[in-house]
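*Asks:* Dumping the structure here so I can ask a few things about it.
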Amino acid sequence: MRAAALASEFGTPLVVYCRNTVLARARAYARVDPDALVVYGTKAFPNVALLRLLAAEGLGADVSTLGELEFARRAGVAGERLVFHGNNKSDTELRSAAAAGALVVLDALEEVERARAAGVRSVLVRLTPGIEAETHRAIRTAHAESKFGLPPDDAIAAVANARAAGLDVAGLHVHIGSQLSRADESVVAVERMVDVARRCPGWEPRVFNIGGGLGVRHTLDERVPEVEEFAGELVQHVRARWPQPVRLILEPGRSLIGQAGLTLYELGAVKGTTAAVDGGMSDNPRPQLYGARYEALLANRADEAATATYRIAGKHCESGDVLIESVQLPAPLRGDLLAVPATGGYTLSMASNYNGVPRPAAVLVADGRAELIRRRETVDDLLRFDPDQG
């Protein structure tokens with residue numbers, strides 16, 4: 001379906017997902033280990049239609065809040081395919097996870113008794129292996145000062161305490177960060193997880209959750225491994241280091257949907273080599289948060305050669321609201337459609353209503369048809385939270 005037709009029917013900004021790409025990525029993970037449970041990292045973009053599509057492929061959901069849990073449940077994800085995370089779970093969240101039949105990942109020693117009291121039955125213990133992943137510091141999750149998980153000695157204590165409390169301790173969990181471009185540090189994390197398992201007296205894990213974190217290529221000069229290369233190396237390493245039977249859980253989020261999505265914007269003001277779009281940091285804050293870089297093209301003039309380098313700015317009242325610092329384009333004109341690829345993960349899920357801007361719609365495209373999977377917000381949607389509307 002042509003970009004101009006999508007923009008005409010659904011407006012801009014618009015996040016467009018390719019159904020076939022999502023399915024191809026899901027099936028790539030399934031091929032790595034057919035016996036593994038693959039759970040979609042819902043935080044990448046919580047959406048019932050996407051969760052339902054992935055559930056039909058046998059995937060589950062990795063959730064960490066009541067909201068994410070409800071998205072997964074409304075999509076029909078079965079309890080045995082739910083993994084409930086969180087570094088600061090409330091009692092309500094623990095009770096809801098228990099009621100859903102989710103596998104709960106214990107993140108603190110004090111959580112053991114609270115999980116038992118909430119009716120949780122089966123748990124994993126999250127290990128903090130003390131590893132600095134090669135990624136932006138804000139999305140590293142396994143270094144010594146991380147707010148997530150437990151250092152090795154505390155993880156061993158958590159296994160013992162949870163078993164003594166009557167919980168079924170199914171296994172261990174480790175995750176080192178997001179937007180990873182190599183498997184090296186993840187391999188070390190797996191080794192440390194196996195070492196912790198061997199140090200737990202009188203207990204053997206049935207499950208190793210080896211996390212996710214595989215990155216997405218956002219620019220032409222970025223290089224990231226393929227799913228089979230990255231996840232395959234980790235799976236092989238687990239099997240080599242722990243020959244006993246154990247089921248693996250994989251937690252991809254961004255790498256399932258990131259490349260499957262692009263964002264369409266309409267260009268407005270053009271000032272010299274700066275062109276402004278009708279969105280920006282409200283629908284994609286990643287450039288401001290992580291220094292993320294993107295490519296772009298004029299979707300309605302894709303066959304034209306680039307003539308110069310342009311900066312793409314957003315419409316918000318911040319000088320830092322720049323979506324792309326430098327991209328080669330034909331001379332942009334008001335009304336042109338700008339397509340920004342690889343925006344399927346951690347854009348809409350982190351979006352805001354800054355400047356009172358409603359968040360965009362999202363569609364799922366396949367076989368020349370588009371399905372609306374998230375309607376565009378309106379100003380009335382924003383005002384309904386205000387008890388005094390005049």
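If you're wondering about the labels, chains in the structure tokens are A, B, ... by order shown, residues count from 1 in each chain, ligands from 1 in order shown.
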Contacts between range 329-342 of chain A and range 200-312 of chain A, please, where a residue of range 200-312 of chain A counts if it comes within 10 Å (with only C-alpha atoms); show its shortest atom pair and distance in Å to one decimal, rows by chain and ascending number, as CSV.
*Replies:*
residue,atom,partner,partner_atom,distance
A:Val216,CA,A:Ala342,CA,7.3
A:Arg217,CA,A:Ala342,CA,7.2
A:His218,CA,A:Ala342,CA,5.6
A:Thr219,CA,A:Ala342,CA,8.7
A:Arg254,CA,A:Ala342,CA,9.6
A:Ser255,CA,A:Ala342,CA,10.0
A:Ile257,CA,A:Ala342,CA,8.4
A:Gly258,CA,A:Ala342,CA,5.2
A:Gln259,CA,A:Ala342,CA,4.3
A:Ala260,CA,A:Ala342,CA,6.6
A:Gly261,CA,A:Ala342,CA,5.5
A:Leu262,CA,A:Pro341,CA,4.3
A:Thr263,CA,A:Val340,CA,5.2
A:Leu264,CA,A:Ala339,CA,4.7
A:Tyr265,CA,A:Leu338,CA,5.1
A:Glu266,CA,A:Leu337,CA,4.7
A:Leu267,CA,A:Arg334,CA,5.2
A:Gly268,CA,A:Arg334,CA,4.6
A:Ala269,CA,A:Arg334,CA,6.2
A:Val270,CA,A:Leu333,CA,6.9
A:Gly272,CA,A:Ala331,CA,9.8
A:Thr273,CA,A:Ala331,CA,8.8
A:Thr274,CA,A:Pro332,CA,9.3
A:Ala275,CA,A:Pro332,CA,7.2
A:Ala276,CA,A:Arg334,CA,9.0
A:Val277,CA,A:Leu338,CA,7.9
A:Tyr294,CA,A:Val340,CA,6.9
A:Glu295,CA,A:Val340,CA,6.2
A:Ala296,CA,A:Val340,CA,4.6
A:Leu297,CA,A:Ala339,CA,5.5
A:Leu298,CA,A:Leu338,CA,4.6
A:Ala299,CA,A:Leu337,CA,5.4
A:Asn300,CA,A:Leu337,CA,5.8
A:Arg301,CA,A:Asp336,CA,8.0
A:Ala302,CA,A:Pro330,CA,8.9
A:Asp303,CA,A:Pro330,CA,9.6
A:Glu304,CA,A:Pro330,CA,6.4
A:Ala305,CA,A:Pro330,CA,5.9
A:Ala306,CA,A:Pro330,CA,4.1
A:Thr307,CA,A:Pro330,CA,4.9
A:Ala308,CA,A:Leu329,CA,6.0
A:Thr309,CA,A:Leu329,CA,6.3
A:Tyr310,CA,A:Leu329,CA,6.8
A:Arg311,CA,A:Leu329,CA,9.8
A:Ile312,CA,A:Leu338,CA,9.5
*Asks:* Using only C-alpha atoms, which protein or nucleic acid residues come within 9 Å of range 32-44 of chain A? Drop anything in the same chain fewer than 4 positions from it, and give the result as an mmCIF file with N, CA and C atoms, in the first residue's frame.
*Replies:*
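Contents of the output file out.cif:
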data_model
loop_
_atom_site.group_PDB
_atom_site.id
_atom_site.type_symbol
_atom_site.label_atom_id
_atom_site.label_comp_id
_atom_site.auth_asym_id
_atom_site.auth_seq_id
_atom_site.Cartn_x
_atom_site.Cartn_y
_atom_site.Cartn_z
ATOM 1 N N ALA A 26 9.507 -13.248 14.311
ATOM 2 C CA ALA A 26 9.040 -14.197 15.317
ATOM 3 C C ALA A 26 9.465 -15.618 14.942
ATOM 4 N N ARG A 27 9.323 -15.960 13.677
ATOM 5 C CA ARG A 27 9.666 -17.316 13.230
ATOM 6 C C ARG A 27 11.171 -17.555 13.265
ATOM 7 N N ALA A 28 11.957 -16.506 13.089
ATOM 8 C CA ALA A 28 13.412 -16.647 13.199
ATOM 9 C C ALA A 28 13.797 -17.043 14.622
ATOM 10 N N LEU A 51 0.140 -8.257 19.951
ATOM 11 C CA LEU A 51 0.250 -9.366 20.883
ATOM 12 C C LEU A 51 -0.555 -10.570 20.405
ATOM 13 N N LEU A 54 1.312 -12.256 17.543
ATOM 14 C CA LEU A 54 2.446 -13.035 18.028
ATOM 15 C C LEU A 54 1.981 -14.271 18.803
ATOM 16 N N GLY A 58 2.588 -18.721 18.737
ATOM 17 C CA GLY A 58 3.081 -19.467 19.890
ATOM 18 C C GLY A 58 3.903 -18.653 20.857
ATOM 19 N N LEU A 59 4.022 -17.330 20.640
ATOM 20 C CA LEU A 59 4.799 -16.492 21.537
ATOM 21 C C LEU A 59 3.977 -16.116 22.767
ATOM 22 N N GLY A 60 4.671 -15.801 23.842
ATOM 23 C CA GLY A 60 4.048 -15.280 25.037
ATOM 24 C C GLY A 60 4.362 -13.805 25.194
ATOM 25 N N ALA A 61 4.265 -13.309 26.423
ATOM 26 C CA ALA A 61 4.492 -11.892 26.683
ATOM 27 C C ALA A 61 5.305 -11.704 27.954
ATOM 28 N N ASP A 62 6.270 -10.815 27.865
ATOM 29 C CA ASP A 62 7.057 -10.355 29.010
ATOM 30 C C ASP A 62 6.440 -9.029 29.433
ATOM 31 N N VAL A 63 5.883 -8.984 30.662
ATOM 32 C CA VAL A 63 5.189 -7.787 31.143
ATOM 33 C C VAL A 63 5.780 -7.356 32.481
ATOM 34 N N SER A 64 5.572 -6.089 32.848
ATOM 35 C CA SER A 64 6.154 -5.612 34.104
ATOM 36 C C SER A 64 5.239 -4.668 34.873
ATOM 37 N N GLU A 68 0.590 -3.514 31.232
ATOM 38 C CA GLU A 68 1.117 -4.457 30.246
ATOM 39 C C GLU A 68 0.462 -5.827 30.401
ATOM 40 N N LEU A 69 0.213 -6.241 31.647
ATOM 41 C CA LEU A 69 -0.462 -7.518 31.873
ATOM 42 C C LEU A 69 -1.847 -7.518 31.239
ATOM 43 N N PHE A 71 -2.927 -5.715 28.668
ATOM 44 C CA PHE A 71 -2.777 -5.808 27.209
ATOM 45 C C PHE A 71 -2.638 -7.276 26.796
ATOM 46 N N ALA A 72 -1.755 -7.998 27.484
ATOM 47 C CA ALA A 72 -1.504 -9.390 27.130
ATOM 48 C C ALA A 72 -2.741 -10.252 27.351
ATOM 49 N N ARG A 81 2.288 -18.623 29.416
ATOM 50 C CA ARG A 81 3.181 -17.933 28.486
ATOM 51 C C ARG A 81 3.421 -16.479 28.906
ATOM 52 N N LEU A 82 3.117 -16.179 30.168
ATOM 53 C CA LEU A 82 3.339 -14.838 30.707
ATOM 54 C C LEU A 82 4.514 -14.848 31.676
ATOM 55 N N VAL A 83 5.421 -13.904 31.525
ATOM 56 C CA VAL A 83 6.523 -13.702 32.455
ATOM 57 C C VAL A 83 6.382 -12.295 33.021
ATOM 58 N N GLY A 212 16.923 -10.876 26.379
ATOM 59 C CA GLY A 212 16.871 -10.498 24.962
ATOM 60 C C GLY A 212 17.902 -9.426 24.696
ATOM 61 N N VAL A 227 19.075 -12.550 13.965
ATOM 62 C CA VAL A 227 18.487 -13.266 15.091
ATOM 63 C C VAL A 227 19.182 -14.603 15.307
ATOM 64 N N GLU A 228 19.326 -15.379 14.228
ATOM 65 C CA GLU A 228 19.913 -16.713 14.349
ATOM 66 C C GLU A 228 21.348 -16.655 14.875
ATOM 67 N N GLU A 229 22.097 -15.636 14.466
ATOM 68 C CA GLU A 229 23.485 -15.516 14.904
ATOM 69 C C GLU A 229 23.557 -15.151 16.386
ATOM 70 N N ALA A 231 20.977 -14.968 18.964
ATOM 71 C CA ALA A 231 20.305 -15.881 19.887
ATOM 72 C C ALA A 231 20.878 -17.287 19.784
ATOM 73 N N GLY A 232 21.261 -17.691 18.562
ATOM 74 C CA GLY A 232 21.825 -19.019 18.381
ATOM 75 C C GLY A 232 23.097 -19.218 19.178
ATOM 76 N N VAL A 235 22.105 -19.711 22.874
ATOM 77 C CA VAL A 235 21.486 -21.023 23.105
ATOM 78 C C VAL A 235 22.554 -22.118 23.090
ATOM 79 N N ARG A 247 14.655 -25.809 30.054
ATOM 80 C CA ARG A 247 13.929 -25.058 29.025
ATOM 81 C C ARG A 247 14.425 -23.616 29.013
ATOM 82 N N LEU A 248 14.551 -23.046 27.841
ATOM 83 C CA LEU A 248 15.013 -21.666 27.701
ATOM 84 C C LEU A 248 13.839 -20.735 27.439
ATOM 85 N N ILE A 249 13.963 -19.530 27.966
ATOM 86 C CA ILE A 249 13.030 -18.447 27.656
ATOM 87 C C ILE A 249 13.831 -17.320 27.014
ATOM 88 N N LEU A 250 13.335 -16.805 25.901
ATOM 89 C CA LEU A 250 13.943 -15.675 25.195
ATOM 90 C C LEU A 250 12.977 -14.501 25.256
ATOM 91 N N GLU A 251 13.518 -13.287 25.437
ATOM 92 C CA GLU A 251 12.680 -12.108 25.635
ATOM 93 C C GLU A 251 12.966 -11.000 24.614
ATOM 94 N N PRO A 252 12.759 -11.236 23.340
ATOM 95 C CA PRO A 252 12.962 -10.159 22.362
ATOM 96 C C PRO A 252 11.803 -9.176 22.366
ATOM 97 N N GLY A 253 12.112 -7.926 22.205
ATOM 98 C CA GLY A 253 11.069 -6.904 22.066
ATOM 99 C C GLY A 253 11.352 -6.074 20.838
ATOM 100 N N ARG A 254 12.342 -5.210 20.972
ATOM 101 C CA ARG A 254 12.739 -4.329 19.872
ATOM 102 C C ARG A 254 13.055 -5.111 18.597
ATOM 103 N N LEU A 256 11.923 -7.831 17.517
ATOM 104 C CA LEU A 256 10.742 -8.404 16.866
ATOM 105 C C LEU A 256 10.023 -7.378 16.009
ATOM 106 N N ILE A 257 9.929 -6.140 16.502
ATOM 107 C CA ILE A 257 9.063 -5.167 15.827
ATOM 108 C C ILE A 257 9.762 -3.901 15.356
ATOM 109 N N GLY A 258 11.002 -3.675 15.785
ATOM 110 C CA GLY A 258 11.667 -2.419 15.448
ATOM 111 C C GLY A 258 11.779 -2.174 13.962
ATOM 112 N N GLY A 344 9.680 0.962 14.870
ATOM 113 C CA GLY A 344 8.608 0.140 15.410
ATOM 114 C C GLY A 344 8.697 -0.132 16.896
ATOM 115 N N GLY A 345 9.889 0.015 17.487
ATOM 116 C CA GLY A 345 10.066 -0.290 18.904
ATOM 117 C C GLY A 345 10.465 0.927 19.713
ATOM 118 N N TYR A 346 9.881 1.069 20.895
ATOM 119 C CA TYR A 346 10.231 2.122 21.847
ATOM 120 C C TYR A 346 10.053 3.527 21.286
ATOM 121 N N THR A 347 9.058 3.712 20.445
ATOM 122 C CA THR A 347 8.699 5.062 20.019
ATOM 123 C C THR A 347 7.315 5.387 20.572
ATOM 124 N N LEU A 348 6.287 4.793 20.015
ATOM 125 C CA LEU A 348 4.944 5.041 20.546
ATOM 126 C C LEU A 348 4.822 4.655 22.011
ATOM 127 N N SER A 349 5.520 3.611 22.431
ATOM 128 C CA SER A 349 5.406 3.198 23.832
ATOM 129 C C SER A 349 6.005 4.223 24.784
ATOM 130 N N MET A 350 6.909 5.071 24.293
ATOM 131 C CA MET A 350 7.526 6.103 25.118
ATOM 132 C C MET A 350 7.022 7.497 24.758
#
*Asks:* Pick out each residue of range 2-234 of chain A that DSSP on the backbone tags as strand (DSSP E or B); I need them as a PyMOL selection string.
*Replies:* chain A and resi 14-18+37-41+60-63+82-84+103-106+122-127+140+150+168-173+177+180+207-209+214
*Asks:* Limited to C-alpha atoms, could you put the picked residues into a file as a compact mmCIF listing (two decimals), in the first residue's frame?
*Replies:*
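As written to disk, out_2.txt reads:
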# COMPACT_ATOMS: atom_id res chain seq x y z
CA LEU A 14 1.47 7.53 11.37
CA VAL A 15 3.35 4.44 12.54
CA VAL A 16 3.13 1.71 9.91
CA TYR A 17 3.91 -1.92 10.78
CA CYS A 18 4.56 -4.64 8.21
CA LEU A 37 9.42 -20.09 25.07
CA VAL A 38 9.73 -16.77 23.23
CA VAL A 39 8.02 -13.91 25.07
CA TYR A 40 7.50 -10.53 23.43
CA GLY A 41 8.89 -7.63 25.46
CA GLY A 60 4.05 -15.28 25.04
CA ALA A 61 4.49 -11.89 26.68
CA ASP A 62 7.06 -10.35 29.01
CA VAL A 63 5.19 -7.79 31.14
CA LEU A 82 3.34 -14.84 30.71
CA VAL A 83 6.52 -13.70 32.46
CA PHE A 84 6.01 -10.91 35.01
CA LEU A 103 5.77 -16.92 35.97
CA VAL A 104 7.04 -14.19 38.33
CA VAL A 105 10.64 -13.00 38.25
CA LEU A 106 11.80 -12.21 41.79
CA SER A 122 6.17 -20.38 40.27
CA VAL A 123 9.12 -17.98 40.13
CA LEU A 124 12.47 -17.23 38.58
CA VAL A 125 15.24 -15.35 40.38
CA ARG A 126 16.83 -12.47 38.49
CA LEU A 127 20.63 -12.40 38.59
CA ARG A 140 22.31 -1.22 30.53
CA LEU A 150 20.35 -9.56 42.65
CA ASP A 168 8.35 -23.38 43.01
CA VAL A 169 11.69 -21.92 41.96
CA ALA A 170 11.74 -22.87 38.30
CA GLY A 171 15.03 -21.23 37.39
CA LEU A 172 17.12 -18.12 36.90
CA HIS A 173 16.87 -15.03 34.73
CA GLY A 177 20.63 -4.46 28.30
CA LEU A 180 22.92 -4.86 21.72
CA VAL A 207 14.34 -22.94 33.24
CA PHE A 208 17.00 -20.48 32.15
CA ASN A 209 15.60 -17.15 30.98
CA LEU A 214 19.29 -7.76 20.28
*Asks:* For Leu167 in chain A, find every residue with an atom within 7 Å (counting only C-alpha atoms), except residues of its own chain fewer than 5 positions away, and show them as a PyMOL selection string.
*Replies:* chain A and resi 116+121-122+162
*Asks:* Quote the spacing between CA of Arg239 in chain A and CA of Glu80 in chain A in Å to one decimal place.
*Replies:* 23.2 Å
*Asks:* Excluding range 93-97 of chain A and its own-chain neighbours fewer than 4 positions away, which residues fall within 8 Å of it when counting only C-alpha atoms? Please give them as a PyMOL selection string.
*Replies:* chain A and resi 65-66+69+84+89+101-104+114-115+118-120
*Asks:* Restrict the selected residues to N, CA and C atoms and save them as a PDB file, in the first residue's frame.
*Replies:*
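Dumped to selection.pdb:
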ATOM      1  N   THR A  65       4.025  -4.488  34.413  1.00  0.00           N
ATOM      2  CA  THR A  65       3.063  -3.617  35.100  1.00  0.00           C
ATOM      3  C   THR A  65       1.666  -4.189  34.927  1.00  0.00           C
ATOM      4  N   LEU A  66       0.715  -3.642  35.702  1.00  0.00           N
ATOM      5  CA  LEU A  66      -0.676  -4.049  35.537  1.00  0.00           C
ATOM      6  C   LEU A  66      -1.171  -3.733  34.130  1.00  0.00           C
ATOM      7  N   LEU A  69       0.213  -6.241  31.647  1.00  0.00           N
ATOM      8  CA  LEU A  69      -0.462  -7.518  31.873  1.00  0.00           C
ATOM      9  C   LEU A  69      -1.847  -7.518  31.239  1.00  0.00           C
ATOM     10  N   PHE A  84       6.264 -12.198  34.368  1.00  0.00           N
ATOM     11  CA  PHE A  84       6.006 -10.906  35.008  1.00  0.00           C
ATOM     12  C   PHE A  84       7.275 -10.412  35.696  1.00  0.00           C
ATOM     13  N   LYS A  89       7.681  -4.324  42.271  1.00  0.00           N
ATOM     14  CA  LYS A  89       6.304  -4.783  42.089  1.00  0.00           C
ATOM     15  C   LYS A  89       5.465  -4.442  43.318  1.00  0.00           C
ATOM     16  N   GLY A 101      -1.717 -16.591  36.497  1.00  0.00           N
ATOM     17  CA  GLY A 101      -0.903 -17.794  36.307  1.00  0.00           C
ATOM     18  C   GLY A 101       0.449 -17.518  35.701  1.00  0.00           C
ATOM     19  N   ALA A 102       0.936 -16.285  35.863  1.00  0.00           N
ATOM     20  CA  ALA A 102       2.212 -15.897  35.256  1.00  0.00           C
ATOM     21  C   ALA A 102       3.395 -16.445  36.044  1.00  0.00           C
ATOM     22  N   LEU A 103       4.489 -16.623  35.355  1.00  0.00           N
ATOM     23  CA  LEU A 103       5.775 -16.924  35.972  1.00  0.00           C
ATOM     24  C   LEU A 103       6.359 -15.594  36.446  1.00  0.00           C
ATOM     25  N   VAL A 104       6.595 -15.465  37.748  1.00  0.00           N
ATOM     26  CA  VAL A 104       7.036 -14.190  38.328  1.00  0.00           C
ATOM     27  C   VAL A 104       8.544 -14.204  38.522  1.00  0.00           C
ATOM     28  N   ARG A 114       6.526 -11.549  50.063  1.00  0.00           N
ATOM     29  CA  ARG A 114       5.384 -10.843  49.488  1.00  0.00           C
ATOM     30  C   ARG A 114       4.778 -11.656  48.342  1.00  0.00           C
ATOM     31  N   ALA A 115       5.623 -12.308  47.545  1.00  0.00           N
ATOM     32  CA  ALA A 115       5.120 -13.152  46.462  1.00  0.00           C
ATOM     33  C   ALA A 115       4.340 -14.333  47.028  1.00  0.00           C
ATOM     34  N   ALA A 118       1.006 -13.236  48.204  1.00  0.00           N
ATOM     35  CA  ALA A 118       0.129 -12.837  47.098  1.00  0.00           C
ATOM     36  C   ALA A 118      -0.426 -14.034  46.342  1.00  0.00           C
ATOM     37  N   GLY A 119       0.050 -15.213  46.645  1.00  0.00           N
ATOM     38  CA  GLY A 119      -0.448 -16.405  45.971  1.00  0.00           C
ATOM     39  C   GLY A 119       0.355 -16.819  44.761  1.00  0.00           C
ATOM     40  N   VAL A 120       1.534 -16.212  44.579  1.00  0.00           N
ATOM     41  CA  VAL A 120       2.397 -16.603  43.462  1.00  0.00           C
ATOM     42  C   VAL A 120       2.854 -18.041  43.683  1.00  0.00           C
TER      43      VAL A 120
END
*Asks:* Can you work out the spacing between CA of Leu383 in chain A and CA of Gly280 in chain A in Å, to one decimal?
*Replies:* 21.2 Å
*Asks:* Please provide the set of residues having any atom within 12 Å of Pro243 in chain A, restricted to only C-alpha atoms, with same-chain residues fewer than 6 positions apart removed, written as a PDB file with N, CA and C atoms, in the first residue's frame.
*Replies:*
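See around-v3.pdb below for the written result:
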ATOM      1  N   VAL A 194      24.960 -19.771  34.893  1.00  0.00           N
ATOM      2  CA  VAL A 194      25.210 -21.202  35.087  1.00  0.00           C
ATOM      3  C   VAL A 194      26.032 -21.428  36.355  1.00  0.00           C
ATOM      4  N   GLU A 204      18.262 -27.815  41.198  1.00  0.00           N
ATOM      5  CA  GLU A 204      18.638 -27.673  39.789  1.00  0.00           C
ATOM      6  C   GLU A 204      17.540 -26.927  39.047  1.00  0.00           C
ATOM      7  N   PRO A 205      17.902 -25.969  38.198  1.00  0.00           N
ATOM      8  CA  PRO A 205      16.891 -25.212  37.460  1.00  0.00           C
ATOM      9  C   PRO A 205      16.254 -26.047  36.360  1.00  0.00           C
ATOM     10  N   ARG A 206      14.977 -25.790  36.123  1.00  0.00           N
ATOM     11  CA  ARG A 206      14.288 -26.346  34.957  1.00  0.00           C
ATOM     12  C   ARG A 206      14.227 -25.327  33.829  1.00  0.00           C
ATOM     13  N   VAL A 235      22.105 -19.711  22.874  1.00  0.00           N
ATOM     14  CA  VAL A 235      21.486 -21.023  23.105  1.00  0.00           C
ATOM     15  C   VAL A 235      22.554 -22.118  23.090  1.00  0.00           C
ATOM     16  N   GLN A 236      23.436 -22.073  22.113  1.00  0.00           N
ATOM     17  CA  GLN A 236      24.500 -23.082  22.035  1.00  0.00           C
ATOM     18  C   GLN A 236      25.395 -23.034  23.268  1.00  0.00           C
ATOM     19  N   HIS A 237      25.638 -21.827  23.758  1.00  0.00           N
ATOM     20  CA  HIS A 237      26.513 -21.681  24.925  1.00  0.00           C
ATOM     21  C   HIS A 237      25.849 -22.264  26.166  1.00  0.00           C
TER      22      HIS A 237
END
*Asks:* Pick from A:Val174, A:Val379, A:Leu220, A:Leu372: nearest to Asn47 in chain A, with only C-alpha atoms counted?
*Replies:*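 Of all the options, A:Leu372 lies closest to Asn47 in chain A.
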